[in-house]
Structures are given as C-alpha cells and as structure tokens.
Amino acid sequence: MAVHNEDIAVQFEEIADLLEIQEANPFRVRAYRNAARTVRGLGRELSELLAQGEDLTRLAGIGKDLAGKIEEMLRTGQTRALKDLHRELPASLEDLLHISGLGPRKVKVLYTELGIKTLSQLEKAARAGRVRELDGFGARTEQKILETIASKRTQEKRYFYSVAREHAEPLLAYLRKVKKVRDVVLAGSYRRGRETVGDLDILVTIEEGSPVMDRFAAYEDVVEVVSKGRTRSTVILRGGLQVDLRAVDPVCFGAALHYFTGSKAHNIQIRRMGQGRGLKINEYGVFRGDERIAGKTEKSVFQSVGLPFIPPPLREGRGEIEAAHAKTLPKLVELDDLKGDLHVHTNATDGSADLEPMVRAAKKRGFDYVAITDHTKHLTIAHGLTAEALAKQIDAIDRLNDKLRGITVLKGVEVDILEDGSLDLPDSILQRLDLVIGAVHGQFGLSRSKQTQRVCRAMDHRYFSILAHPSGRLLEERKAMDLDMERIVRHARERGCFLELNAQPQRMDLDDTHCRLAKEEGVLVCINSDAHGESQFEDLTFGINQAQRGWLRKEDVLNSRPLGTLRKLLRNTMT
C-alpha cells in the first residue's frame, strides 16, 4: 500500500487537533503542525527519500521522534500515537473542528458538557437550542453551526490541487511504463489549474493489445474499480479521489484533450463557432459533414475556428475566446519569472527553520532576494514578535546580508491588522523595515462595511506595503471574509500598495477573478509562498497556476522585478 506525503500530513494534523482538544503542551501541538506543513511542502515523496537512505531528521522540524513516526506510517499506514489518542478521544471529534467557529476549546466543551462526538449529534443539539446555553457560544454561533453543516451536506467533495497532484504524478509515471502506451495526459479541471479538483481525467493513446486498462485497475492505490472496459475505466483511489481513464485514437487525441479539459462554458462557445462555419466539433474531431478535417492536435481544433491556441488555465468562458480572436491573449507569467519571495517565516515565530537555512533554501531555488516576514505579537498562537524581538531579527538580517553572497535578505514583517484597522506594531519599528505585510487573522465575521473599512484603513498606514491573503479564506474550511473586493483593489491602486496571491495550497488567495480585477485596475500582485519551512517554496507552483487563471503576465507581478526596481516600488509605498 502506497503512503503519500498527504496521508502522513493528515495524521500529523489530526494528532495536533486531538492534542489541542486535550489542552496538551502548545509546543507539542506546534511540533506536529510544523511537521505536517513540512511534509506537505516536500517536492519528493517521503517513501522515496527513505528508500534512498536519506536521514529524515535533516528535514526542517522533523526530530528523531517524528522521523520514527513517519517511518512507522510508511511501513504500516498509521501510527500508534494516533491510535492511542483515539482510545482517549473519539476520532469523529476531528470533524467538528472543520465547522466554522469551532476551535479545539469549543469542541472540548461540546464533548465534555453535552457528550457530542459527531456532526449529527452536534446538529441535533443545535436544533434543540442546547448549544447556545454553553459558555462562549450563544444563538449566533449555534446558527452558524447549523448553516455550515447544511452547506457541507450539499457540497461536492473536492481535493486541493496539491493533494490531487500527489496522487496524479505517480499514477501518470506508472501508466507511462505500461507496454504499448504512447501519450498519457491529464485533462479536466486539474489541467486548467483549478485550486481544487473533484476528480482526475486521464487520456491515453495506445497500440493494439496494450494492457493499460488491466494495469490501471491493478494500481496499488486503487481501493475500488467502479468500471472497467476496453476504452474507459473508472477507479477510486485510497483517500476517495475518483480517476477516469480513457483510451482515444491518435487521430482524434487533440479533440478529445480539448473536450475533456473543458470548461463546459468554453467548449460550448467553441462548438458554436464551429457551427457558424458549418462544422461539427466533439471529442472525436472536427467534421465537415462526414469528413474529419481536424482533431489530431488541440492547435488544429482552434485553427479550425480561426483562433490561436488558448492556454488551458484561461479556458473558463470568461473572455478568452474574444481575446484570442482579437489577438490580445496575455503571455502568462511563468514560475521562472519570479525573482524572489516576499512572505517567508522562520522559527522565530511559527516556522520550522532558522533564519539562515530559510535564506539558503531561497538562494538554492535561484532567487535574487527573499523577505523574512514573521508574525507579530497579537497572533499569540504563532508566538508573534514584539517590537523588541523584531529589532533583534532586523540586526540578525543585517549580519546575514554581510555574510551571504548571491541573495539579498529583505527585512519585513507580517503585522496583524487589528479590528479597528490599526497595525499591531508601532511606527518606530515598522519604519526600519523594507516592507510591511498586513494580514487579518481574526474577527472574520465583521459586516461587509466594517471589514472593508478595516482593511482600507490598514492600507492607509504610511508603512503598509502588501495586503496578505486578502480574503482570509481557507479552502474547504473557512469562507472568505465579507469584503467589497472592488473597493479594496481600487483603494490599493489609490494608495500605491500591492496585493498578495498567497500560494499556500489551502489559501490560494487572491482567487483568480480578483487577480484579474487587480490586473485590470493596474495593481501589482505579489506571488508569495508563505513558506514556514525550507521545502515550502515549492508551493509557488500552485500560485503560478492561480496567477495564470487570473490572466496575469510577468509585468503584472511585483516579485518579477529585479531587486533595484523592487526596492523603489516598496519605498514608494512607505513614504
């Protein structure tokens, strides 16, 4: 049985959740959360590292104890530490933590005071009005619980792009080794770079007699074969992700790839354009009458309706066809265009590595600069920095810049935006920095007008540079704040500051539509990793996906600038 990095990260997160419900030592909880973050950010599978004899304790935040637990999970699929916790607390309590407004302390109160172990029990108690009677809850929290449970019941199960990739890449590599298989390509929302995906669609071309469907059904991660045929099979992978495999004729491979990449809105528009030219376009090709005139490549499908190739991230029916017709499609930003990362944490707060290893990891990635932006004191859960602690870090960065060559370390901070829009540290320390990232980390439930006013007031601060993860959402967990994003974007333009596209897979914030809004308003977007460990610069790949879906070009991205230009732009925000 294959055990993926995500499987290990999920178990570490569950251990941390259950320990937090038990009110265990905060440093112990933090160690598991940091370990989960490290594991998710690795560019290679832990199983591969272990097989090659790598010392797992060399990974950021992974000591001897956690390395042993990783080896145990790779060997057995689970760890005794989690099994022991399940004997003390019901495993179902972890589901309660995904309900908006319920943190570990409130889950513990529900369990100890009302005996609530499951979502169904929670819903029943809330409908009976028993939840509001508990200290720290109230009628508003009770109603929010019911609304969240109802919303989850109707939602399609979706997977972070990063999790889908963890399953997809080894499966593609496996299929490419099957005899008589030629092309193996992922289609669907995954190919379009959606932040979450519902399933995976794989297209293959094969020679006669290929055993690809049998091998697909026999893949080690498959837990259920839903259907298996000569040209199409469907399986469910461990973890619940559905995968559809289709074998298509090489002569129509491009048409099939276009069709199954989607989106539906994009495909409908292309078909209508074809109809206007007397053509029929489907997954089997482009036809004039009974004659197939195109379809071997995607480019030929677009050419048949007089269009250039449209990159998959743009295929959402949001003006890409009109832009292609007018020859105004953007040249999309690429990962290699990024010159640095302006949102990075160290173990001075909630990161897993010291200052110098984080900077060296950024240098190894080829960056010209990196900004250290640890949290501030208001975010107590992250052990945020006081002004005095930040001053010491500033001095440490100056010393490191004197020592290192080939990369420049910028002095920054991720400062909390308080409820009234003020910032969490005084000007006397902020003025010593190269940049100030402002972020909302609490009071997410303010009204639209108050939340918008809060953020705009923060951006008006003379030392404010970048608005971090602007909507505050956590995918599949917390909805975006109720913000007037058009006003936020325009205020950023008027103020001369910037907006972040946070590439952490659970954030992906800005979303694609607001990236495009920023582009149209002339506001530069900064694609940051929000790295908390040396391996998490890898998350920038996901940020690039989102940026491309938002039509961003290199020139629309702040951290595509060389250091000299970047410094001038940052100084302009702090005057």
# chains A, B, ... in the order shown; residues from 1 in each chain; ligands from 1
$ residues_around --residues "Ser210 of chain A" --least-positions-apart "3" --cutoff "12 Å" --atoms "only C-alpha atoms" --output "ChimeraX atom specification"
/A:175-182,204-207,213-216,230-231,247
$ residues_around --residues "Gly41 of chain A" --least-positions-apart "3" --cutoff "7 Å" --atoms "only C-alpha atoms" --output "MDAnalysis selection string"
chainID A and resid 37:38 535:536 538:539
$ write_last_selection --atoms "C-alpha atoms" --output "PDB file, in the first residue's frame"
ATOM      1  CA  ARG A  37       3.479  21.679   6.941  1.00  0.00           C
ATOM      2  CA  THR A  38       6.975  20.400   6.185  1.00  0.00           C
ATOM      3  CA  SER A 535      10.800  22.960   1.291  1.00  0.00           C
ATOM      4  CA  GLN A 536       7.700  25.125   1.032  1.00  0.00           C
ATOM      5  CA  GLU A 538       7.602  24.567  -3.859  1.00  0.00           C
ATOM      6  CA  ASP A 539       4.126  25.983  -3.197  1.00  0.00           C
TER       7      ASP A 539
END
$ residues_around --residues "Tyr259 of chain A" --least-positions-apart "4" --cutoff "7 Å" --atoms "only C-alpha atoms" --output "list in words"
Ala255, Asn267, Asn282 and Glu283 of chain A
$ closest_atom_pairs --of "segment 479-536 of chain A" --to "segment 58-64 of chain A" --cutoff "10 Å" --atoms "only C-alpha atoms" --output "CSV"
residue,atom,partner,partner_atom,distance
A:His532,CA,A:Ala60,CA,9.4
A:Gly533,CA,A:Ala60,CA,6.2
A:Glu534,CA,A:Ala60,CA,6.6
A:Ser535,CA,A:Ala60,CA,8.2
$ residues_around --residues "Arg105 of chain A" --least-positions-apart "3" --cutoff "9 Å" --atoms "only C-alpha atoms" --output "list in words"
Glu20, Ile21, Gln22, Glu23, Leu102, Lys108, Val109 and Leu110 of chain A
$ write_last_selection --atoms "N, CA and C atoms" --output "PDB file, in the first residue's frame"
ATOM      1  N   GLU A  20      -4.742  19.329  20.947  1.00  0.00           N
ATOM      2  CA  GLU A  20      -5.219  20.665  21.295  1.00  0.00           C
ATOM      3  C   GLU A  20      -6.545  20.579  22.054  1.00  0.00           C
ATOM      4  N   ILE A  21      -7.396  19.651  21.658  1.00  0.00           N
ATOM      5  CA  ILE A  21      -8.644  19.438  22.390  1.00  0.00           C
ATOM      6  C   ILE A  21      -8.337  19.018  23.824  1.00  0.00           C
ATOM      7  N   GLN A  22      -7.285  18.223  24.001  1.00  0.00           N
ATOM      8  CA  GLN A  22      -6.872  17.798  25.340  1.00  0.00           C
ATOM      9  C   GLN A  22      -6.133  18.889  26.113  1.00  0.00           C
ATOM     10  N   GLU A  23      -5.891  20.026  25.443  1.00  0.00           N
ATOM     11  CA  GLU A  23      -5.131  21.138  26.034  1.00  0.00           C
ATOM     12  C   GLU A  23      -3.724  20.679  26.421  1.00  0.00           C
ATOM     13  N   LEU A 102     -15.751  26.785  15.362  1.00  0.00           N
ATOM     14  CA  LEU A 102     -15.414  25.819  16.412  1.00  0.00           C
ATOM     15  C   LEU A 102     -13.907  25.559  16.429  1.00  0.00           C
ATOM     16  N   LYS A 108     -13.993  20.785  22.808  1.00  0.00           N
ATOM     17  CA  LYS A 108     -13.867  20.103  24.099  1.00  0.00           C
ATOM     18  C   LYS A 108     -15.081  20.372  24.987  1.00  0.00           C
ATOM     19  N   VAL A 109     -15.570  21.609  24.984  1.00  0.00           N
ATOM     20  CA  VAL A 109     -16.760  21.954  25.775  1.00  0.00           C
ATOM     21  C   VAL A 109     -17.965  21.156  25.289  1.00  0.00           C
ATOM     22  N   LEU A 110     -18.142  21.076  23.971  1.00  0.00           N
ATOM     23  CA  LEU A 110     -19.261  20.316  23.412  1.00  0.00           C
ATOM     24  C   LEU A 110     -19.188  18.847  23.829  1.00  0.00           C
TER      25      LEU A 110
END
$ residues_around --residues "Arg516 of chain A" --least-positions-apart "4" --cutoff "10 Å" --atoms "only C-alpha atoms" --output "list in words"
Leu510, Asp511, Asp512, Glu520, Glu521, Gly522, Val523, Val525, Ala547, Gln548, Arg549, Gly550, Trp551, Leu552 and Asp556 of chain A
$ write_last_selection --atoms "C-alpha atoms" --output "compact mmCIF listing (two decimals), in the first residue's frame"
# COMPACT_ATOMS: atom_id res chain seq x y z
CA LEU A 510 -6.28 36.11 -4.17
CA ASP A 511 -8.64 33.97 -6.20
CA ASP A 512 -8.43 34.03 -9.98
CA GLU A 520 -7.36 45.50 -14.85
CA GLU A 521 -7.01 48.18 -12.17
CA GLY A 522 -3.23 48.31 -12.54
CA VAL A 523 -2.47 46.92 -9.06
CA VAL A 525 0.14 41.23 -7.41
CA ALA A 547 -1.95 33.71 -11.45
CA GLN A 548 -2.32 32.22 -14.91
CA ARG A 549 -6.01 31.61 -14.32
CA GLY A 550 -6.21 35.30 -13.37
CA TRP A 551 -4.63 36.30 -16.71
CA LEU A 552 -1.52 37.71 -15.01
CA ASP A 556 1.60 42.30 -13.53
$ atom_distance --atom1 "atom CA of Leu418 of chain A" --atom2 "atom CA of Asp395 of chain A"
26.6 Å
$ atom_distance --atom1 "atom CA of Ser162 of chain A" --atom2 "atom CA of Ala531 of chain A"
14.9 Å
$ closest_residue --among "A:Ser120, A:Pro562, A:Pro426, A:Lys106" --to "Leu134 of chain A" --atoms "only C-alpha atoms"
A:Lys106
$ residues_around --residues "Asp244 of chain A" --least-positions-apart "3" --cutoff "8 Å" --atoms "only C-alpha atoms" --output "ChimeraX atom specification"
/A:199-202,232-235
$ residues_around --residues "Arg457 of chain A" --least-positions-apart "4" --cutoff "12 Å" --atoms "only C-alpha atoms" --output "count of residues only"
21
$ select_by_dssp --residues "segment 310-404 of chain A" --states "helix (DSSP H, G or I)" --output "PDB file with N, CA, C and O atoms, in the first residue's frame"
ATOM      1  N   PRO A 312      -4.706  26.260 -21.395  1.00  0.00           N
ATOM      2  CA  PRO A 312      -5.754  25.657 -20.557  1.00  0.00           C
ATOM      3  C   PRO A 312      -6.204  26.504 -19.361  1.00  0.00           C
ATOM      4  O   PRO A 312      -7.415  26.546 -19.081  1.00  0.00           O
ATOM      5  N   PRO A 313      -5.308  27.213 -18.631  1.00  0.00           N
ATOM      6  CA  PRO A 313      -5.797  27.978 -17.481  1.00  0.00           C
ATOM      7  C   PRO A 313      -6.822  29.050 -17.834  1.00  0.00           C
ATOM      8  O   PRO A 313      -7.589  29.485 -16.962  1.00  0.00           O
ATOM      9  N   LEU A 314      -6.848  29.484 -19.087  1.00  0.00           N
ATOM     10  CA  LEU A 314      -7.776  30.550 -19.493  1.00  0.00           C
ATOM     11  C   LEU A 314      -9.123  30.024 -19.964  1.00  0.00           C
ATOM     12  O   LEU A 314     -10.051  30.805 -20.187  1.00  0.00           O
ATOM     13  N   GLU A 320     -11.827  34.636 -22.982  1.00  0.00           N
ATOM     14  CA  GLU A 320     -10.601  34.173 -23.632  1.00  0.00           C
ATOM     15  C   GLU A 320     -10.784  34.006 -25.140  1.00  0.00           C
ATOM     16  O   GLU A 320      -9.836  34.221 -25.906  1.00  0.00           O
ATOM     17  N   ILE A 321     -11.977  33.631 -25.567  1.00  0.00           N
ATOM     18  CA  ILE A 321     -12.207  33.434 -26.998  1.00  0.00           C
ATOM     19  C   ILE A 321     -12.216  34.775 -27.718  1.00  0.00           C
ATOM     20  O   ILE A 321     -11.634  34.933 -28.802  1.00  0.00           O
ATOM     21  N   GLU A 322     -12.848  35.770 -27.098  1.00  0.00           N
ATOM     22  CA  GLU A 322     -12.849  37.113 -27.684  1.00  0.00           C
ATOM     23  C   GLU A 322     -11.423  37.668 -27.749  1.00  0.00           C
ATOM     24  O   GLU A 322     -11.027  38.285 -28.739  1.00  0.00           O
ATOM     25  N   ALA A 323     -10.643  37.429 -26.686  1.00  0.00           N
ATOM     26  CA  ALA A 323      -9.259  37.906 -26.673  1.00  0.00           C
ATOM     27  C   ALA A 323      -8.420  37.191 -27.734  1.00  0.00           C
ATOM     28  O   ALA A 323      -7.581  37.804 -28.399  1.00  0.00           O
ATOM     29  N   ALA A 324      -8.654  35.890 -27.896  1.00  0.00           N
ATOM     30  CA  ALA A 324      -7.921  35.137 -28.914  1.00  0.00           C
ATOM     31  C   ALA A 324      -8.256  35.663 -30.309  1.00  0.00           C
ATOM     32  O   ALA A 324      -7.366  35.826 -31.157  1.00  0.00           O
ATOM     33  N   HIS A 325      -9.527  35.947 -30.525  1.00  0.00           N
ATOM     34  CA  HIS A 325      -9.964  36.470 -31.827  1.00  0.00           C
ATOM     35  C   HIS A 325      -9.343  37.831 -32.101  1.00  0.00           C
ATOM     36  O   HIS A 325      -8.960  38.150 -33.232  1.00  0.00           O
ATOM     37  N   LEU A 335       6.790  30.359 -13.668  1.00  0.00           N
ATOM     38  CA  LEU A 335       7.489  30.223 -12.401  1.00  0.00           C
ATOM     39  C   LEU A 335       8.884  30.846 -12.462  1.00  0.00           C
ATOM     40  O   LEU A 335       9.331  31.497 -11.507  1.00  0.00           O
ATOM     41  N   ASP A 336       9.572  30.684 -13.579  1.00  0.00           N
ATOM     42  CA  ASP A 336      10.936  31.210 -13.710  1.00  0.00           C
ATOM     43  C   ASP A 336      10.979  32.732 -13.742  1.00  0.00           C
ATOM     44  O   ASP A 336      12.069  33.323 -13.622  1.00  0.00           O
ATOM     45  N   ASP A 337       9.820  33.370 -13.899  1.00  0.00           N
ATOM     46  CA  ASP A 337       9.779  34.837 -13.908  1.00  0.00           C
ATOM     47  C   ASP A 337       9.950  35.428 -12.511  1.00  0.00           C
ATOM     48  O   ASP A 337      10.274  36.615 -12.376  1.00  0.00           O
ATOM     49  N   LEU A 355      16.646  31.325  10.574  1.00  0.00           N
ATOM     50  CA  LEU A 355      16.776  32.365   9.548  1.00  0.00           C
ATOM     51  C   LEU A 355      17.707  31.953   8.417  1.00  0.00           C
ATOM     52  O   LEU A 355      17.322  31.971   7.234  1.00  0.00           O
ATOM     53  N   GLU A 356      18.934  31.569   8.740  1.00  0.00           N
ATOM     54  CA  GLU A 356      19.902  31.292   7.686  1.00  0.00           C
ATOM     55  C   GLU A 356      19.516  30.103   6.809  1.00  0.00           C
ATOM     56  O   GLU A 356      19.618  30.196   5.567  1.00  0.00           O
ATOM     57  N   PRO A 357      19.046  28.963   7.367  1.00  0.00           N
ATOM     58  CA  PRO A 357      18.610  27.867   6.485  1.00  0.00           C
ATOM     59  C   PRO A 357      17.459  28.267   5.543  1.00  0.00           C
ATOM     60  O   PRO A 357      17.438  27.817   4.390  1.00  0.00           O
ATOM     61  N   MET A 358      16.548  29.110   6.023  1.00  0.00           N
ATOM     62  CA  MET A 358      15.454  29.543   5.137  1.00  0.00           C
ATOM     63  C   MET A 358      16.001  30.373   3.981  1.00  0.00           C
ATOM     64  O   MET A 358      15.580  30.208   2.828  1.00  0.00           O
ATOM     65  N   VAL A 359      16.944  31.248   4.289  1.00  0.00           N
ATOM     66  CA  VAL A 359      17.523  32.096   3.241  1.00  0.00           C
ATOM     67  C   VAL A 359      18.334  31.249   2.263  1.00  0.00           C
ATOM     68  O   VAL A 359      18.263  31.445   1.041  1.00  0.00           O
ATOM     69  N   ARG A 360      19.083  30.293   2.774  1.00  0.00           N
ATOM     70  CA  ARG A 360      19.879  29.432   1.887  1.00  0.00           C
ATOM     71  C   ARG A 360      18.972  28.585   0.987  1.00  0.00           C
ATOM     72  O   ARG A 360      19.310  28.310  -0.164  1.00  0.00           O
ATOM     73  N   ALA A 361      17.819  28.175   1.509  1.00  0.00           N
ATOM     74  CA  ALA A 361      16.862  27.423   0.685  1.00  0.00           C
ATOM     75  C   ALA A 361      16.323  28.303  -0.443  1.00  0.00           C
ATOM     76  O   ALA A 361      16.137  27.836  -1.572  1.00  0.00           O
ATOM     77  N   ALA A 362      16.092  29.579  -0.135  1.00  0.00           N
ATOM     78  CA  ALA A 362      15.639  30.509  -1.179  1.00  0.00           C
ATOM     79  C   ALA A 362      16.730  30.729  -2.222  1.00  0.00           C
ATOM     80  O   ALA A 362      16.453  30.786  -3.429  1.00  0.00           O
ATOM     81  N   LYS A 363      17.963  30.830  -1.750  1.00  0.00           N
ATOM     82  CA  LYS A 363      19.084  31.001  -2.686  1.00  0.00           C
ATOM     83  C   LYS A 363      19.233  29.773  -3.581  1.00  0.00           C
ATOM     84  O   LYS A 363      19.467  29.894  -4.802  1.00  0.00           O
ATOM     85  N   LYS A 364      19.106  28.599  -2.990  1.00  0.00           N
ATOM     86  CA  LYS A 364      19.224  27.357  -3.757  1.00  0.00           C
ATOM     87  C   LYS A 364      18.168  27.292  -4.860  1.00  0.00           C
ATOM     88  O   LYS A 364      18.395  26.722  -5.924  1.00  0.00           O
ATOM     89  N   THR A 380      -0.893  35.383  19.044  1.00  0.00           N
ATOM     90  CA  THR A 380      -0.212  34.649  20.121  1.00  0.00           C
ATOM     91  C   THR A 380      -0.015  33.183  19.781  1.00  0.00           C
ATOM     92  O   THR A 380       0.962  32.566  20.205  1.00  0.00           O
ATOM     93  N   ILE A 381      -0.939  32.592  19.015  1.00  0.00           N
ATOM     94  CA  ILE A 381      -0.819  31.178  18.683  1.00  0.00           C
ATOM     95  C   ILE A 381       0.453  30.905  17.877  1.00  0.00           C
ATOM     96  O   ILE A 381       0.992  29.804  17.876  1.00  0.00           O
ATOM     97  N   ALA A 382       0.945  31.942  17.168  1.00  0.00           N
ATOM     98  CA  ALA A 382       2.168  31.794  16.367  1.00  0.00           C
ATOM     99  C   ALA A 382       3.383  32.360  17.090  1.00  0.00           C
ATOM    100  O   ALA A 382       4.457  32.464  16.501  1.00  0.00           O
ATOM    101  N   ALA A 387       8.023  44.282  19.385  1.00  0.00           N
ATOM    102  CA  ALA A 387       8.901  45.247  18.720  1.00  0.00           C
ATOM    103  C   ALA A 387      10.359  44.959  19.051  1.00  0.00           C
ATOM    104  O   ALA A 387      11.243  45.050  18.184  1.00  0.00           O
ATOM    105  N   GLU A 388      10.608  44.593  20.297  1.00  0.00           N
ATOM    106  CA  GLU A 388      11.984  44.316  20.724  1.00  0.00           C
ATOM    107  C   GLU A 388      12.544  43.081  20.017  1.00  0.00           C
ATOM    108  O   GLU A 388      13.700  43.068  19.566  1.00  0.00           O
ATOM    109  N   ALA A 389      11.710  42.035  19.906  1.00  0.00           N
ATOM    110  CA  ALA A 389      12.160  40.811  19.240  1.00  0.00           C
ATOM    111  C   ALA A 389      12.387  41.059  17.749  1.00  0.00           C
ATOM    112  O   ALA A 389      13.337  40.529  17.156  1.00  0.00           O
ATOM    113  N   LEU A 390      11.532  41.876  17.139  1.00  0.00           N
ATOM    114  CA  LEU A 390      11.704  42.191  15.718  1.00  0.00           C
ATOM    115  C   LEU A 390      12.980  43.002  15.504  1.00  0.00           C
ATOM    116  O   LEU A 390      13.696  42.795  14.511  1.00  0.00           O
ATOM    117  N   ALA A 391      13.287  43.901  16.429  1.00  0.00           N
ATOM    118  CA  ALA A 391      14.518  44.684  16.309  1.00  0.00           C
ATOM    119  C   ALA A 391      15.741  43.772  16.304  1.00  0.00           C
ATOM    120  O   ALA A 391      16.700  43.988  15.539  1.00  0.00           O
ATOM    121  N   LYS A 392      15.718  42.738  17.138  1.00  0.00           N
ATOM    122  CA  LYS A 392      16.826  41.782  17.164  1.00  0.00           C
ATOM    123  C   LYS A 392      16.914  41.024  15.843  1.00  0.00           C
ATOM    124  O   LYS A 392      18.016  40.744  15.336  1.00  0.00           O
ATOM    125  N   GLN A 393      15.743  40.681  15.267  1.00  0.00           N
ATOM    126  CA  GLN A 393      15.765  39.970  13.989  1.00  0.00           C
ATOM    127  C   GLN A 393      16.309  40.868  12.881  1.00  0.00           C
ATOM    128  O   GLN A 393      17.033  40.400  11.998  1.00  0.00           O
ATOM    129  N   ILE A 394      15.955  42.146  12.920  1.00  0.00           N
ATOM    130  CA  ILE A 394      16.484  43.097  11.933  1.00  0.00           C
ATOM    131  C   ILE A 394      18.006  43.113  11.982  1.00  0.00           C
ATOM    132  O   ILE A 394      18.689  43.080  10.943  1.00  0.00           O
ATOM    133  N   ASP A 395      18.551  43.158  13.180  1.00  0.00           N
ATOM    134  CA  ASP A 395      20.011  43.151  13.326  1.00  0.00           C
ATOM    135  C   ASP A 395      20.606  41.847  12.803  1.00  0.00           C
ATOM    136  O   ASP A 395      21.675  41.847  12.160  1.00  0.00           O
ATOM    137  N   ALA A 396      19.919  40.732  13.065  1.00  0.00           N
ATOM    138  CA  ALA A 396      20.402  39.432  12.586  1.00  0.00           C
ATOM    139  C   ALA A 396      20.398  39.381  11.059  1.00  0.00           C
ATOM    140  O   ALA A 396      21.309  38.811  10.436  1.00  0.00           O
ATOM    141  N   ILE A 397      19.395  39.974  10.431  1.00  0.00           N
ATOM    142  CA  ILE A 397      19.324  40.007   8.964  1.00  0.00           C
ATOM    143  C   ILE A 397      20.452  40.859   8.397  1.00  0.00           C
ATOM    144  O   ILE A 397      21.076  40.493   7.385  1.00  0.00           O
ATOM    145  N   ASP A 398      20.741  41.975   9.054  1.00  0.00           N
ATOM    146  CA  ASP A 398      21.866  42.808   8.601  1.00  0.00           C
ATOM    147  C   ASP A 398      23.178  42.024   8.644  1.00  0.00           C
ATOM    148  O   ASP A 398      23.999  42.091   7.719  1.00  0.00           O
ATOM    149  N   ARG A 399      23.369  41.268   9.717  1.00  0.00           N
ATOM    150  CA  ARG A 399      24.595  40.466   9.822  1.00  0.00           C
ATOM    151  C   ARG A 399      24.631  39.389   8.744  1.00  0.00           C
ATOM    152  O   ARG A 399      25.704  39.108   8.167  1.00  0.00           O
ATOM    153  N   LEU A 400      23.487  38.792   8.471  1.00  0.00           N
ATOM    154  CA  LEU A 400      23.439  37.731   7.458  1.00  0.00           C
ATOM    155  C   LEU A 400      23.709  38.300   6.068  1.00  0.00           C
ATOM    156  O   LEU A 400      24.402  37.678   5.254  1.00  0.00           O
ATOM    157  N   ASN A 401      23.197  39.483   5.786  1.00  0.00           N
ATOM    158  CA  ASN A 401      23.462  40.116   4.490  1.00  0.00           C
ATOM    159  C   ASN A 401      24.940  40.426   4.315  1.00  0.00           C
ATOM    160  O   ASN A 401      25.474  40.363   3.199  1.00  0.00           O
ATOM    161  N   ASP A 402      25.631  40.755   5.402  1.00  0.00           N
ATOM    162  CA  ASP A 402      27.077  40.994   5.330  1.00  0.00           C
ATOM    163  C   ASP A 402      27.836  39.698   5.032  1.00  0.00           C
ATOM    164  O   ASP A 402      28.909  39.722   4.435  1.00  0.00           O
ATOM    165  N   LYS A 403      27.233  38.588   5.431  1.00  0.00           N
ATOM    166  CA  LYS A 403      27.902  37.290   5.328  1.00  0.00           C
ATOM    167  C   LYS A 403      27.628  36.593   3.996  1.00  0.00           C
ATOM    168  O   LYS A 403      28.535  35.996   3.401  1.00  0.00           O
TER     169      LYS A 403
END
